[in-house]
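See below for the structure under consideration.
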Amino acid sequence: MKIHKKLFLIAGAIACALLFLSSKKTVAESKNTAFYSYDDFTEFLKSAENHFQLSSIKFAYIIDDSSVLSNVKLSHTPKRWSLYQINVDESGDGRNMQFVFFVLSPTGHESLLFFTGERKPDIEKYLVYEKSSPNMYESKVQSSFVEKIRSHGEDPYSMKAGKAEQIATKSSEKMYDEGKVLNICIWLDDFKNILCNYYPGYNKVNDTIGGVKIKWREYSYDTREYHKKLLEELAKNESAPEDERIDLYLVESEFITSIANSNYALDVKKDLGLTDSDLVNQFKYTKQLATDANGNLRAVSWQACPSGIIYRRSIAKALFNTDDPEIVQGKFSSWESFEASALEAKKKGYKIASGYYDYFNLFMNNSQGPLVKDGTVSISQDLKTWISMSKNFAKKGCTNKANLWSDEQWKGLQSNGKVLCYFGPQWFINMNLKEMSSKSGKGTFGDWALCQGPTSAANGGTWLLAAPGTDNPELIKDIMLATTCDESVLEKFFDDTEEFVNNEAVITRKANSDYKNGFLGGQNHLGIYLNCAKSIDKSNSTPYDMSIYTALQDAMYGYLYGGTSEKNAWKNFKTQIQKTYPDLKFDF
């Protein structure tokens, strides 16, 4: 969550302030508590942690016009607005100063405010700060608390803490009175591991965040069965008892656009309160896929999945006299050069790929227009190129004819394998190629490298969505911020897992670092994936895409490797589509 990065800061520093105060006769009061020293004040913070369940307090003390930022981290998550007032009587110069630091919400996205007695600083100049870079703080007006106070006819510059707290508590009662159970639907443990291990305040002993019980619902490990069950539950979600409703759920790439265009997902901006500033570093295509037809963003993701060509170095040397990614990229820079390289590889006893499924995703990602428009299915030239090229490969024996995820697919990873190229994103390297390349004990770990290939493409991904009817919108918002927006969380996650996270700033730093990938022979390939991720365009995505693309691959198998004519393959394709979408028409 890293709430302390999102809390707006008050100018000043406790470090120098309290050292300054400890040298004078100082009296500070907060709710009948007196502080005569730095140690006394620290004890107050410890008790505040237990009493108010705060995750962090950011505060400051003005000494003339200078300020240094400071933070006190605490271990719990706030569930209510909390207001503190400290009166400081400095007998040395007779100055009476009063300041207030104010935690508005569990997400830390409201203002922290302070006021003085004799010296009233300009609230919009000194009051609220937001971290915008490692070395500077950008002043930003955030006056929600001020306006709440003024709406009650009070002067925010001279309010007494008790009265201000009454107003704050009353104003926030409905907004922050959230449910005691957060139900999260998943089909794999990926997100569960992220939330349990990287979200500050998650108690893994009893699966709680603050006072909220986290309940994990695992419907099925099969994504299609999971999606079917999920839709059944979401259809009755708002009528279910509050503690049994789905609050947060996950959807993978095959279904994200269709569910983003349904009534089963809240708008992450309008309904939950995430901002463009929060989401600025997420790769554009991950937001495009989760945006509905009206331009509303319905989901966010912690991962990006740009895809490239993962080629075997030793075979590249045999074919091209080099394994250098920049030179090998020239052999795959267009589909014409890719096909030429495949035919050259065949002459020397190698296969360009395991099967025709492997490289389909690169074609699928680059349609010049939507697959379905005004109820009509159109097949782009890219897909027609895939069919003709794959037919040529089938005739010439350029692949192993392996089906996706079959045992045959992985034979090219063995030491005696003859497959030049695999195709995929970072998760494919981490979850599949690394394991399969070492499984036999005669693997090829380290004998691989990455280049982009003819085009930009994405493959896979998982998105977080909030269900209508949830009674935990603030907690869901904070989970989304922490797991998909917070650079420190995402960078730590990358360091631990090598996951390609959905944050351009983090990946850029890693691409320019001394990071090396062992499977890729020590290559820092992140710059290649980064350029790919930045250039992927999913603006033509439709809710029909994955169903139609899957049907196309299945229908063409008989044409490519069996006795089915191309005409009958297209007929089979249309028949399959009309079973699922009877109202769709075809322009071919």
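Following the order of the structure tokens, first chain is A, next is B, and so on, with residues numbered from 1 inside each chain and ligands from 1 in the order they appear.
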Could you write out, as a ChimeraX atom specification, all the residues of region 390-576 of chain A that DSSP marks as alpha helix (DSSP H)? /A:390-396,426-428,434-438,473-484,487-497,504-511,526-535,545-561,566-576
I'd like the neighbourhood of Thr291 (chain A) as a short mmCIF file (atom, residue, chain, number, x, y, z; two decimals) with N, CA and C atoms, in the first residue's frame, where a residue qualifies if any of its atoms comes within 10 Å (using only C-alpha atoms), though same-chain residues fewer than 4 positions away should be ignored.
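That gives us selection-v8.cif:
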data_model
loop_
_atom_site.label_atom_id
_atom_site.label_comp_id
_atom_site.auth_asym_id
_atom_site.auth_seq_id
_atom_site.Cartn_x
_atom_site.Cartn_y
_atom_site.Cartn_z
N ILE A 256 -11.07 -9.74 -20.46
CA ILE A 256 -11.09 -8.43 -19.84
C ILE A 256 -11.93 -7.42 -20.62
N THR A 257 -11.85 -7.40 -21.94
CA THR A 257 -12.60 -6.41 -22.70
C THR A 257 -14.09 -6.67 -22.65
N SER A 258 -14.49 -7.93 -22.67
CA SER A 258 -15.92 -8.23 -22.62
C SER A 258 -16.51 -7.87 -21.26
N ILE A 259 -15.80 -8.16 -20.18
CA ILE A 259 -16.36 -7.86 -18.86
C ILE A 259 -16.26 -6.37 -18.54
N ALA A 260 -15.28 -5.69 -19.15
CA ALA A 260 -15.20 -4.24 -18.99
C ALA A 260 -16.40 -3.55 -19.64
N ASN A 261 -16.99 -4.20 -20.63
CA ASN A 261 -18.16 -3.65 -21.31
C ASN A 261 -19.47 -4.21 -20.76
N ASP A 267 -16.42 1.68 -12.26
CA ASP A 267 -15.47 2.59 -12.91
C ASP A 267 -14.39 2.94 -11.88
N TYR A 285 -1.71 0.34 -23.30
CA TYR A 285 -2.52 -0.76 -23.83
C TYR A 285 -3.25 -1.52 -22.72
N THR A 286 -2.66 -1.58 -21.51
CA THR A 286 -3.33 -2.28 -20.41
C THR A 286 -4.59 -1.55 -19.99
N LYS A 287 -4.61 -0.24 -20.19
CA LYS A 287 -5.82 0.54 -19.89
C LYS A 287 -6.82 0.48 -21.05
N GLY A 295 -15.57 4.90 -22.90
CA GLY A 295 -14.34 5.53 -22.42
C GLY A 295 -14.11 5.43 -20.93
N ASN A 296 -14.84 4.56 -20.23
CA ASN A 296 -14.70 4.42 -18.78
C ASN A 296 -13.75 3.27 -18.44
N LEU A 297 -12.77 3.54 -17.59
CA LEU A 297 -11.80 2.53 -17.20
C LEU A 297 -12.39 1.65 -16.10
N ARG A 298 -12.43 0.35 -16.35
CA ARG A 298 -13.11 -0.58 -15.45
C ARG A 298 -12.17 -1.49 -14.67
N ALA A 299 -10.89 -1.48 -15.00
CA ALA A 299 -9.97 -2.41 -14.34
C ALA A 299 -8.55 -1.89 -14.44
N VAL A 300 -7.69 -2.40 -13.56
CA VAL A 300 -6.27 -2.06 -13.58
C VAL A 300 -5.47 -3.33 -13.39
N SER A 539 -6.53 -0.16 -29.17
CA SER A 539 -7.73 0.66 -29.32
C SER A 539 -8.78 -0.01 -30.19
N SER A 541 -9.64 -3.19 -29.91
CA SER A 541 -10.13 -4.39 -29.23
C SER A 541 -11.65 -4.38 -29.11
#
For each of A:Leu520, A:Asn403, A:Trp187, A:Glu244, take the minimum atom-to-atom distance to Tyr221 (chain A), counting only C-alpha atoms, then give the residue where this is smallest. A:Trp187
Which of region 371-502 of chain A DSSP labels strand (DSSP E), written as number ranges by chain: A: 372-373, 376-377, 421-424, 448-451, 457-458, 462-466
Under the rule that only C-alpha atoms are counted, which of A:Ile315, A:Asn517, A:Val328, A:Cys485 is the nearest residue to Ser277 (chain A)? A:Cys485
Find the nearest atom pair between each residue of region 412-479 of chain A and region 332-338 of chain A for residues within 9 Å, count only C-alpha atoms, give distances in Å to one decimal, sort rows by chain and ascending number, and present the table as JSON lines.
{"residue": "A:Cys451", "atom": "CA", "partner": "A:Phe332", "partner_atom": "CA", "distance": 8.5}
{"residue": "A:Gln452", "atom": "CA", "partner": "A:Ser333", "partner_atom": "CA", "distance": 8.1}
{"residue": "A:Gly453", "atom": "CA", "partner": "A:Phe332", "partner_atom": "CA", "distance": 5.0}
{"residue": "A:Pro454", "atom": "CA", "partner": "A:Ser334", "partner_atom": "CA", "distance": 4.4}
{"residue": "A:Thr455", "atom": "CA", "partner": "A:Ser334", "partner_atom": "CA", "distance": 7.7}
Take the selection from the previous step and output its residues with N, CA and C atoms, as an mmCIF file, in the first residue's frame.
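Below is the file that was written, result31.cif:
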data_model
loop_
_atom_site.group_PDB
_atom_site.id
_atom_site.type_symbol
_atom_site.label_atom_id
_atom_site.label_comp_id
_atom_site.auth_asym_id
_atom_site.auth_seq_id
_atom_site.Cartn_x
_atom_site.Cartn_y
_atom_site.Cartn_z
ATOM 1 N N CYS A 451 14.678 -10.796 -29.001
ATOM 2 C CA CYS A 451 14.548 -9.640 -29.887
ATOM 3 C C CYS A 451 13.059 -9.389 -30.093
ATOM 4 N N GLN A 452 12.707 -8.240 -30.624
ATOM 5 C CA GLN A 452 11.282 -7.891 -30.704
ATOM 6 C C GLN A 452 10.558 -8.631 -31.812
ATOM 7 N N GLY A 453 11.195 -8.814 -32.964
ATOM 8 C CA GLY A 453 10.513 -9.428 -34.082
ATOM 9 C C GLY A 453 9.829 -8.404 -34.965
ATOM 10 N N PRO A 454 8.924 -8.852 -35.847
ATOM 11 C CA PRO A 454 8.338 -7.956 -36.852
ATOM 12 C C PRO A 454 7.403 -6.889 -36.297
ATOM 13 N N THR A 455 6.880 -7.086 -35.090
ATOM 14 C CA THR A 455 5.828 -6.192 -34.629
ATOM 15 C C THR A 455 5.734 -6.189 -33.117
#
Excluding region 495-501 of chain A and residues on its chain fewer than 5 positions from it, collect all residues at most 8 Å away from it, counting only C-alpha atoms, and give them as a ChimeraX atom specification. /A:302-305,426-427,430,490,506-507
I want to know what sits within 9 Å of Glu252 (chain A), based on only C-alpha atoms, with residues of the same chain fewer than 4 positions away left out; could you give that as a PDB file with all heavy atoms, in the first residue's frame?
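File produced: around25.pdb:
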ATOM      1  N   THR A 223      -9.415 -21.203 -16.595  1.00  0.00           N
ATOM      2  CA  THR A 223      -9.870 -19.812 -16.697  1.00  0.00           C
ATOM      3  C   THR A 223     -11.282 -19.697 -17.263  1.00  0.00           C
ATOM      4  O   THR A 223     -12.035 -18.815 -16.868  1.00  0.00           O
ATOM      5  CB  THR A 223      -8.901 -18.989 -17.564  1.00  0.00           C
ATOM      6  OG1 THR A 223      -8.768 -19.607 -18.845  1.00  0.00           O
ATOM      7  CG2 THR A 223      -7.545 -18.892 -16.899  1.00  0.00           C
ATOM      8  N   ILE A 256     -11.070  -9.743 -20.460  1.00  0.00           N
ATOM      9  CA  ILE A 256     -11.093  -8.427 -19.837  1.00  0.00           C
ATOM     10  C   ILE A 256     -11.935  -7.423 -20.617  1.00  0.00           C
ATOM     11  O   ILE A 256     -12.707  -6.650 -20.040  1.00  0.00           O
ATOM     12  CB  ILE A 256      -9.651  -7.883 -19.614  1.00  0.00           C
ATOM     13  CG1 ILE A 256      -9.700  -6.531 -18.906  1.00  0.00           C
ATOM     14  CG2 ILE A 256      -8.878  -7.792 -20.909  1.00  0.00           C
ATOM     15  CD1 ILE A 256     -10.406  -6.536 -17.579  1.00  0.00           C
ATOM     16  N   GLY A 460      -1.334 -12.142 -22.749  1.00  0.00           N
ATOM     17  CA  GLY A 460      -1.701 -12.446 -21.374  1.00  0.00           C
ATOM     18  C   GLY A 460      -1.906 -11.207 -20.526  1.00  0.00           C
ATOM     19  O   GLY A 460      -1.929 -10.076 -21.007  1.00  0.00           O
ATOM     20  N   GLY A 461      -2.041 -11.446 -19.226  1.00  0.00           N
ATOM     21  CA  GLY A 461      -2.272 -10.373 -18.271  1.00  0.00           C
ATOM     22  C   GLY A 461      -3.450 -10.673 -17.365  1.00  0.00           C
ATOM     23  O   GLY A 461      -4.325 -11.471 -17.712  1.00  0.00           O
ATOM     24  N   THR A 462      -3.459 -10.044 -16.212  1.00  0.00           N
ATOM     25  CA  THR A 462      -4.526 -10.209 -15.240  1.00  0.00           C
ATOM     26  C   THR A 462      -4.917  -8.841 -14.709  1.00  0.00           C
ATOM     27  O   THR A 462      -4.048  -8.024 -14.392  1.00  0.00           O
ATOM     28  CB  THR A 462      -4.075 -11.100 -14.068  1.00  0.00           C
ATOM     29  OG1 THR A 462      -3.546 -12.328 -14.585  1.00  0.00           O
ATOM     30  CG2 THR A 462      -5.241 -11.415 -13.144  1.00  0.00           C
ATOM     31  N   TRP A 463      -6.216  -8.598 -14.595  1.00  0.00           N
ATOM     32  CA  TRP A 463      -6.729  -7.294 -14.171  1.00  0.00           C
ATOM     33  C   TRP A 463      -7.544  -7.428 -12.893  1.00  0.00           C
ATOM     34  O   TRP A 463      -8.164  -8.465 -12.634  1.00  0.00           O
ATOM     35  CB  TRP A 463      -7.608  -6.690 -15.267  1.00  0.00           C
ATOM     36  CG  TRP A 463      -6.851  -6.060 -16.392  1.00  0.00           C
ATOM     37  CD1 TRP A 463      -6.639  -4.723 -16.597  1.00  0.00           C
ATOM     38  CD2 TRP A 463      -6.187  -6.725 -17.482  1.00  0.00           C
ATOM     39  NE1 TRP A 463      -5.889  -4.512 -17.733  1.00  0.00           N
ATOM     40  CE2 TRP A 463      -5.594  -5.724 -18.307  1.00  0.00           C
ATOM     41  CE3 TRP A 463      -6.039  -8.055 -17.855  1.00  0.00           C
ATOM     42  CZ2 TRP A 463      -4.888  -6.021 -19.449  1.00  0.00           C
ATOM     43  CZ3 TRP A 463      -5.310  -8.358 -18.997  1.00  0.00           C
ATOM     44  CH2 TRP A 463      -4.751  -7.340 -19.779  1.00  0.00           C
TER      45      TRP A 463
END
Find the residues near Leu404 (chain A): any atom within 8 Å, counting only C-alpha atoms, skip ones fewer than 5 places away on the same chain, and give them as a PDB file with C-alpha atoms, in the first residue's frame.
ATOM      1  CA  GLY A 355       3.805 -24.963 -34.060  1.00  0.00           C
ATOM      2  CA  TYR A 357      -0.067 -21.475 -32.604  1.00  0.00           C
ATOM      3  CA  ASP A 358       3.200 -20.098 -31.275  1.00  0.00           C
ATOM      4  CA  GLN A 409       5.884 -27.836 -27.774  1.00  0.00           C
TER       5      GLN A 409
END
So how many Å separate CA of Lys384 (chain A) and CA of Glu408 (chain A), to one decimal?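 Interatomic distance, CA of Lys384 (chain A) to CA of Glu408 (chain A): 26.0 Å.
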Using only C-alpha atoms, which protein or nucleic acid residues come within 12 Å of His525 (chain A)? Drop anything in the same chain fewer than 4 positions from it, and give the result as a PyMOL selection string. chain A and resi 306-310+324-326+425-426+429+448-452+498+500+507-508+510-521+529-532
Work out how far CA of Tyr219 (chain A) is from CA of Thr470 (chain A), in Å to one decimal. 18.9 Å
I'd like the neighbourhood of Trp410 (chain A) as a PyMOL selection string, where a residue qualifies if any of its atoms comes within 9 Å (using only C-alpha atoms), though same-chain residues fewer than 5 positions away should be ignored. chain A and resi 354+402+405+417+432-433+436-437
Taking only C-alpha atoms into account, which of A:Lys579, A:Lys269, A:Arg217, A:Lys418 comes nearest Met480 (chain A)? A:Lys269
Using only C-alpha atoms, which of the listed residues (A:Asp554, A:Leu481, A:Ser438, A:Asn524) sits closest to Asp276 (chain A)?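 Once distances to Asp276 (chain A) are computed over only C-alpha atoms, the minimum belongs to A:Leu481.
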With only C-alpha atoms as the atoms that count, which of A:Asp545, A:Glu178, A:Glu344, A:Glu566 lies nearest to Ser378 (chain A)?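 Using only C-alpha atoms, the shortest distance to Ser378 (chain A) belongs to A:Asp545.
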For each of A:Asp407, A:Phe363, A:Phe588, A:Asn472, take the minimum atom-to-atom distance to Ile214 (chain A), counting only C-alpha atoms, then give the residue where this is smallest.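 Smallest separation from Ile214 (chain A) among the options: A:Asn472.
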